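**Q** Quick one: the structure is below, and I'll ask about it shortly.
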Amino acid sequence: MEGSPDQPPTDPEPDQAGEPAASAAGSGSGGVTLEGVTKQFGDFTAVHDMDLDIADGEFFTMLGPSGCGKTTTLRMIAGFEQPTTGKVLIDGSDVAGLPAYKRPTNTVFQSYALFPHMTLEENVGFGLKRQKVPKAEIKERVGRELERVGLSREAKRKPNQLSGGQQQRVALARALVNLPKVLLLDEPLGALDLKLRKGLQVQLKQIQRDVGITFVYVTHDQEEALTMSDRIAVMNEGKIEQCADPETVYDRPSSTFVAGFIGVSNLMPAVVRGPGEIEIADGPAVPTEDAKQFTTGEKCFAVVRPEKLTVSLPGNAPGDQPGVDGIVESSLYLGTSTQMAIKVADDVNMTVLVPNASEDARQHLPGGGAKVRLNWLPEHMHLVAESDPEEATSGPTPTDQITEGVN
Amino acid sequence: MSLRQRMTPYWLLAPGLLWLVIFFVIPMYYMGELSLKTGTVQTGYELTWAFSNYSDAVSQYSEQFIRSFWYAGVATVFCLLIGYPLAYAIAFKAGRWKNLMLFAVVAPFFTTYLIRTIAWKTILDDSSPVVSVLKFLGMAPDGHVLATSGAVIAGLTYNFLPFMVLPLFTALERLDERLLEAGKDLYASTAQTFFRITLPLTMPGIIAGILLTFIPAAGDYVNATFLGGTGQAMIGNVIQSKYLVVTDYSEAAALSFTLMAIILVALLVYIKFAGTEALMGEEEEAT
Ligand SMILES: Nc1ncnc2c1ncn2[C@@H]1O[C@H](COP(=O)(O)OP(=O)(O)OP(=O)(O)O)[C@@H](O)[C@H]1O
Ligand SMILES: [Mg+2]
């Protein structure tokens with residue numbers, strides 16, 4: 001395989017790493033395109049016919065459950081794996097056969113992959129040294145980067161003398177210091193505590209904006225994905241379920257999988273009554289534009305996010321809003337809000353977030369066992385198809401579907 | 001209770017220590033004493049603190065000493081040059097053939113060392129096809145291969161190659177391939193990745209391999225006996241003939257101790273220079 005890291009040592013090839021395209025960060029044109037990329041390991045398909053178009057300078061996030069192919073996708077962009085079929089383009093040109101060290105990408109590895117025989121300084125300076133950056137500049141940039149991740153005092157230590165979180169920060173610094181066109185980050189903040197993570201999130205976003213680096217970011221943390229990204233691709237079993245901006249992914253998930261993966265899924269079974277109306281099972285008919293995507297009589301789910309629902313005792317319910325009846329199962333105080341679990345039907349459970357506006361209002365929330373009514377505004381309701389995981393991804397790309405749905 | 005716990009390591013050490021005392025310390029003591037005695041087998045030996053045994057050993061046989069270290073050194077270099085790519089291929093490229101290839105490396109041990117070396121004597125005999133080919137290629141100008149330095153070094157290289165390959169394989173096998181990917185990711189070419197990452201991280205294996213090859217090769221006499229001539233005698237041959245042919249036990253013991261001392265000193269120097277640098281990654285403590 002081209003670019004495999006393990007050629008025998010016999011022919012010291014000329015130094016081709018002298019002028020990797022990466023040194024010209026900020027000059028733009030660091031877009032990444034995947035065209036029908038499939039990756040198979042034996043007869044197992046890790047990535048399935050994936051199309052992606054990541055714009056230059058975009059903060060692009062891949063989100064999905066463990067084993068869905070996020071790392072594999074990053075590895076194909078970085079050049080550690082070759083796609084079984086399909087093309088990877090960086091900066092508009094096909095990078096097939098281009099070894100990793102010639103690609104204008106740097107990776108923050110999920111497993112850190114720090115060099116154990118080098119100090120932090122040497123680790124972070126490794127890429128710059130290979131690019132023949134002058135010594136003084138290396139020293140300065142390495143110093144700056146170590147300071148950014150808060151490890152200046154540890155500069156002379158070896159990786160095995162650091163905690164897991166510290167190692168992760170070194171991995172981040174080691175990639176960032178090169179200011180590549182495309183930075184591939186595989187759960188780069190996963191091992192850090194909340195405070196450090198928030199701090200670095202802000203810094204990463206800042207760097208990404210200031211320098212115009214394209215970020216391809218993998219995370220398990222949906223909140224991180226929603227706050228940082230320009231666009232999010234939600235992946236499942238090697239396929240992209242939905243690829244859109246955070247608001248769309250959150251408010252208008254394209255499938256039950258996406259609805260469930262991002263945020264709490266409040267799924268109410270419904271039937272489409274006509275081009276502009278649905279009927280909630282055991283509930284009211286609700287007018288909605290979304291129904292246009294479905295044929296009359298088709299089954300679907302209505303999604304309403306927890307914070308968009310209001311809870312009231314049956315008598316006080318606003319009559320002009322659609323609503324369903326339910327029974328309060330439990331109530332959980334979360335500080336800024338109270339989370340209530342409400343059973344609407346045998347297998348329909350809804351979660352409601354009620355802001356704790358005042359202590360008085362909180363005291364008056366219906367308690368466990370109370371019969372209540374849930375209401376929402378029609379525009380806060382979104383329809384998703386009853387997926388069948390097979391169907392959720394075939395046909396028109398999720399992106400198209402969603403843009404049609406947005407008005 | 002706590003005393004018993006503290007004693008546990010010593011109990012565990014006991015069998016090994018006993019073994020060492022019986023089969024190493026005691027014989028060493030007798031050998032050391034013998035090397036300072038004078039006499040013959042017929043008349044018996046007497047401790048006369050005959051340090052002349054040592055000065056004689058060095059002055060009379062310096063040629064064989066130097067030749068031994070030269071041959072062993074060249075053979076070790078060859079073993080490393082052949083062994084590293086071989087170990088590399090087995091560790092990273094062999095796939096499902098890995099175990100078979102490892103077995104192939106060790107398989108020669110199923111035949112005794114002596115037989116294998118004698119087999120090489122036949123293979124390299126003046127009338128053998130191998131030598132005919134070499135002659136044809138102009139690589140055996142005198143018309144024979146046996147009884148040359150090349151034959152002895154080739155024999156040493158052949159016989160000690162597994163001792164080089166196995167520790168190298170272990171070191172390479174342990175190498176985290178993701179580090180090589182990280183190197184590539186950070187603009188290091190294949191060669192740079194090798195010299196900056198693979199080589200330093202497998203240095204412990206290289207050191208072990210060099211020691212395991214060089215030390216026995218320096219004391220070897222079988223290869224020189226069968227594949228060399230009178231001009232290729234190594235110090236092992238001298239010691240062997242002093243013991244078994246001339247039966248000058250004192251001199252033989254003095255020669256053995258001299259050989260041991262030289263190797264020991266060389267070893268310490270080597271560990272000091274090669275060792276600390278190579279093991280730095282693992283060993284250095286926090287400052
Ligand atoms: N070299 C390989 N050989 C065989 N299967 C592999 C290989 N690499 C990955 N896979 C499989 O491909 C699938 C996707 O793996 P990948 O590492 O991309 O998941 P991921 O989305 O990064 O998961 P995680 O969030 O746990 O890191 C997994 O089922 C994994 O077992
Ligand atoms: Mg992963």
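The way I read the labels, and the way they are meant: chains A, B, ... in the order of the structure tokens, residue 1 as the first residue of every chain, and ligand 1 as the first ligand shown, with later ones counted on from there.
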Check which residues fall inside 12 Å of ligand 2 when counting only C-alpha atoms and all ligand atoms, and print them as a ChimeraX atom specification.
**A** /A:46,62-75,108-112,184-188,190,217-220
**Q** Just N, CA, C and O atoms for this one: save the residues we selected as a CSV table (one decimal), in the first residue's frame.
**A**
chain,number,residue,atom,x,y,z
A,46,ALA,N,-17.1,-0.6,6.8
A,46,ALA,CA,-17.0,0.4,7.9
A,46,ALA,C,-17.5,1.8,7.5
A,46,ALA,O,-18.1,2.5,8.3
A,62,MET,N,-18.3,15.4,13.0
A,62,MET,CA,-18.9,14.1,12.8
A,62,MET,C,-19.3,13.5,14.1
A,62,MET,O,-18.5,13.5,15.0
A,63,LEU,N,-20.5,13.1,14.2
A,63,LEU,CA,-21.1,12.7,15.4
A,63,LEU,C,-21.8,11.4,15.2
A,63,LEU,O,-22.4,11.2,14.2
A,64,GLY,N,-21.6,10.5,16.1
A,64,GLY,CA,-22.2,9.2,15.9
A,64,GLY,C,-21.8,8.2,17.0
A,64,GLY,O,-20.8,8.4,17.7
A,65,PRO,N,-22.5,7.1,17.1
A,65,PRO,CA,-22.2,6.1,18.1
A,65,PRO,C,-20.8,5.4,17.8
A,65,PRO,O,-20.3,5.5,16.7
A,66,SER,N,-20.3,4.8,18.9
A,66,SER,CA,-19.0,4.1,18.7
A,66,SER,C,-19.1,3.1,17.6
A,66,SER,O,-20.1,2.3,17.5
A,67,GLY,N,-18.1,3.0,16.8
A,67,GLY,CA,-18.0,2.0,15.7
A,67,GLY,C,-18.7,2.4,14.5
A,67,GLY,O,-18.8,1.6,13.6
A,68,CYS,N,-19.2,3.7,14.3
A,68,CYS,CA,-20.0,4.0,13.2
A,68,CYS,C,-19.1,4.5,12.0
A,68,CYS,O,-19.6,4.8,10.9
A,69,GLY,N,-17.8,4.5,12.2
A,69,GLY,CA,-16.9,4.8,11.1
A,69,GLY,C,-16.3,6.2,11.1
A,69,GLY,O,-15.7,6.6,10.1
A,70,LYS,N,-16.3,6.9,12.2
A,70,LYS,CA,-15.8,8.3,12.2
A,70,LYS,C,-14.3,8.3,12.1
A,70,LYS,O,-13.7,9.0,11.2
A,71,THR,N,-13.6,7.4,12.9
A,71,THR,CA,-12.1,7.4,12.8
A,71,THR,C,-11.7,6.9,11.4
A,71,THR,O,-10.7,7.4,10.8
A,72,THR,N,-12.4,5.9,10.9
A,72,THR,CA,-12.0,5.4,9.6
A,72,THR,C,-12.1,6.5,8.5
A,72,THR,O,-11.2,6.6,7.7
A,73,THR,N,-13.2,7.3,8.6
A,73,THR,CA,-13.3,8.4,7.7
A,73,THR,C,-12.1,9.4,7.8
A,73,THR,O,-11.5,9.8,6.8
A,74,LEU,N,-11.8,9.7,9.0
A,74,LEU,CA,-10.6,10.7,9.2
A,74,LEU,C,-9.4,10.0,8.7
A,74,LEU,O,-8.5,10.7,8.1
A,75,ARG,N,-9.2,8.8,8.9
A,75,ARG,CA,-7.9,8.1,8.5
A,75,ARG,C,-7.8,8.1,6.9
A,75,ARG,O,-6.7,8.1,6.4
A,108,VAL,N,-5.1,14.9,15.2
A,108,VAL,CA,-5.0,14.7,16.7
A,108,VAL,C,-5.6,13.3,16.9
A,108,VAL,O,-6.8,13.1,16.7
A,109,PHE,N,-4.8,12.4,17.3
A,109,PHE,CA,-5.2,11.0,17.3
A,109,PHE,C,-6.0,10.7,18.6
A,109,PHE,O,-5.7,11.2,19.6
A,110,GLN,N,-7.0,9.8,18.4
A,110,GLN,CA,-7.8,9.4,19.5
A,110,GLN,C,-7.0,8.8,20.6
A,110,GLN,O,-7.3,8.9,21.7
A,111,SER,N,-5.9,8.1,20.1
A,111,SER,CA,-5.1,7.4,21.1
A,111,SER,C,-3.9,8.2,21.5
A,111,SER,O,-2.9,7.7,22.0
A,112,TYR,N,-3.8,9.5,21.1
A,112,TYR,CA,-2.7,10.4,21.3
A,112,TYR,C,-1.5,10.1,20.5
A,112,TYR,O,-1.0,11.0,19.8
A,184,LEU,N,-7.5,17.3,11.5
A,184,LEU,CA,-8.4,16.2,11.7
A,184,LEU,C,-8.4,15.9,13.2
A,184,LEU,O,-7.3,15.6,13.7
A,185,LEU,N,-9.5,16.1,13.9
A,185,LEU,CA,-9.4,15.9,15.4
A,185,LEU,C,-10.3,14.8,15.8
A,185,LEU,O,-11.5,14.8,15.6
A,186,ASP,N,-9.7,13.7,16.3
A,186,ASP,CA,-10.5,12.6,16.7
A,186,ASP,C,-10.7,12.6,18.2
A,186,ASP,O,-9.9,12.2,19.0
A,187,GLU,N,-11.9,13.1,18.6
A,187,GLU,CA,-12.2,13.2,20.0
A,187,GLU,C,-11.1,13.9,20.8
A,187,GLU,O,-10.6,13.3,21.8
A,188,PRO,N,-10.7,15.1,20.4
A,188,PRO,CA,-9.5,15.7,21.0
A,188,PRO,C,-9.7,16.2,22.4
A,188,PRO,O,-8.7,16.4,23.1
A,190,GLY,N,-11.8,14.5,24.7
A,190,GLY,CA,-12.5,13.5,25.4
A,190,GLY,C,-12.1,13.2,26.8
A,190,GLY,O,-12.9,12.9,27.7
A,217,TYR,N,-13.9,17.4,12.8
A,217,TYR,CA,-13.9,17.2,14.3
A,217,TYR,C,-14.8,16.0,14.6
A,217,TYR,O,-16.0,15.9,14.2
A,218,VAL,N,-14.2,15.1,15.4
A,218,VAL,CA,-15.1,13.9,15.8
A,218,VAL,C,-15.3,14.1,17.3
A,218,VAL,O,-14.4,14.4,18.1
A,219,THR,N,-16.5,13.9,17.7
A,219,THR,CA,-16.8,14.0,19.1
A,219,THR,C,-18.0,13.1,19.5
A,219,THR,O,-18.8,12.7,18.6
A,220,HIS,N,-18.1,12.7,20.7
A,220,HIS,CA,-19.2,12.0,21.2
A,220,HIS,C,-20.2,12.9,21.9
A,220,HIS,O,-21.3,12.5,22.3
**Q** What lies within 9 Å of region 106-113 of chain B using only C-alpha atoms, ignoring chain neighbours under 5 positions off, as a list in words?
**A**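 The contact residues come out as Met101, Ile118, Asn159, Pro162, Leu166 and Val222 of chain B.
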**Q** Once you have the residues from the selection above, write them out as a CSV table (one decimal), in the first residue's frame, restricted to N, CA and C atoms.
**A**
chain,number,residue,atom,x,y,z
B,101,MET,N,7.3,-18.1,9.7
B,101,MET,CA,8.6,-17.5,9.5
B,101,MET,C,9.4,-17.5,10.8
B,118,ILE,N,29.4,-28.4,10.3
B,118,ILE,CA,30.1,-29.4,9.4
B,118,ILE,C,29.5,-29.5,8.0
B,159,ASN,N,25.4,-18.9,12.1
B,159,ASN,CA,25.1,-19.6,13.3
B,159,ASN,C,24.4,-18.7,14.4
B,162,PRO,N,19.9,-16.2,14.5
B,162,PRO,CA,18.7,-16.2,15.3
B,162,PRO,C,18.8,-15.4,16.6
B,166,LEU,N,15.7,-12.7,17.0
B,166,LEU,CA,14.6,-12.9,18.0
B,166,LEU,C,14.4,-11.6,18.9
B,222,VAL,N,34.2,-23.4,17.0
B,222,VAL,CA,33.7,-24.4,16.1
B,222,VAL,C,33.8,-23.9,14.7
**Q** Go through A:Gln40, A:Gln222, A:Gln203, A:Ser152 and flag the residue nearest ligand 1, using only C-alpha atoms and all ligand atoms for the distances.
**A**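 Of all the options, A:Gln40 lies closest to ligand 1.
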**Q** Excluding region 250-255 of chain B and any residue of its chain fewer than 4 positions from it, enumerate the residues within 12 Å of it, using only C-alpha atoms, and give them as a VMD selection string.
**A** chain B and resid 27 to 41 44 to 62 64 to 65 219 234 to 246 259 to 262
**Q** Enter the distance from CA of Pro306 (chain A) to CA of Leu353 (chain A), in Å, rounded to one decimal.
**A**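 Going from CA of Pro306 (chain A) over to CA of Leu353 (chain A), I get 5.2 Å.
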**Q** From region 6-238 of chain B, collect each residue whose DSSP state is strand (DSSP E) and return the set as a list in words.
**A**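 Strand (DSSP E) members of region 6-238 of chain B, listed: Lys37, Thr38, Gly39, Thr40, Gly44, Tyr45, Glu46 and Leu47 of chain B.
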**Q** Would you kindly return, as an MDAnalysis selection string, each protein, DNA or RNA residue with an atom no farther than 9 Å from any atom of Ser229 (chain A), considering only C-alpha atoms and excluding same-chain residues fewer than 2 positions away?
**A** chainID A and resid 58:61 205 217 224:227 231:232 245:246
**Q** Just the selected residues (C-alpha atoms), exported as a CSV table (one decimal), in the first residue's frame, please.
**A**
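Written output follows (out15.csv):
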chain,number,residue,atom,x,y,z
A,58,GLU,CA,-15.5,25.2,7.9
A,59,PHE,CA,-15.8,23.7,11.4
A,60,PHE,CA,-17.3,20.3,10.4
A,61,THR,CA,-18.2,17.8,13.0
A,205,LYS,CA,-12.9,27.8,17.8
A,217,TYR,CA,-13.9,17.2,14.3
A,224,GLU,CA,-19.8,20.2,22.0
A,225,ALA,CA,-20.9,19.4,18.5
A,226,LEU,CA,-23.9,21.8,18.7
A,227,THR,CA,-22.0,24.7,20.1
A,231,ARG,CA,-22.2,21.8,10.2
A,232,ILE,CA,-22.7,18.4,11.8
A,245,ASP,CA,-26.1,23.1,10.5
A,246,PRO,CA,-26.6,22.6,14.3
**Q** I'd like to know which of B:Tyr84, B:Phe273, B:Phe169, B:Phe103 is closest to chain A, using only C-alpha atoms.
**A**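 Closest candidate: B:Tyr84.
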**Q** Considering only C-alpha atoms, can you say which of B:Leu227, B:Val165, B:Ala154, B:Ala89 comes closest to chain A?
**A**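 Under the stated criterion, the closest residue is B:Ala89.
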**Q** For Val77 (chain B), find every residue with an atom within 10 Å (counting only C-alpha atoms), except residues of its own chain fewer than 6 positions away, and show them as an MDAnalysis selection string.
**A** chainID B and resid 71 83 157 210 213:214
**Q** Contacts of Ile90 (chain B) at 12 Å or less, counting only C-alpha atoms, minus same-chain residues fewer than 5 places along, as a list in words?
**A**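 Non-adjacent residues within range: Asp6 and Pro8 of chain A; Gly83, Tyr84, Pro85, Gly95, Arg96, Trp97, Lys98, Asn99, Leu100, Met101, Leu102, Phe103, Ala104, Val105, Val165, Leu166, Leu168, Phe169, Thr170, Ala171, Leu172 and Glu173 of chain B.
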**Q** For chain B, which residue among A:Leu176, A:Val324, A:Ala285, A:Ala317 is the nearest when counting only C-alpha atoms?
**A**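 Going through A:Leu176, A:Val324, A:Ala285, A:Ala317 one by one, the smallest distance to chain B is for A:Leu176.
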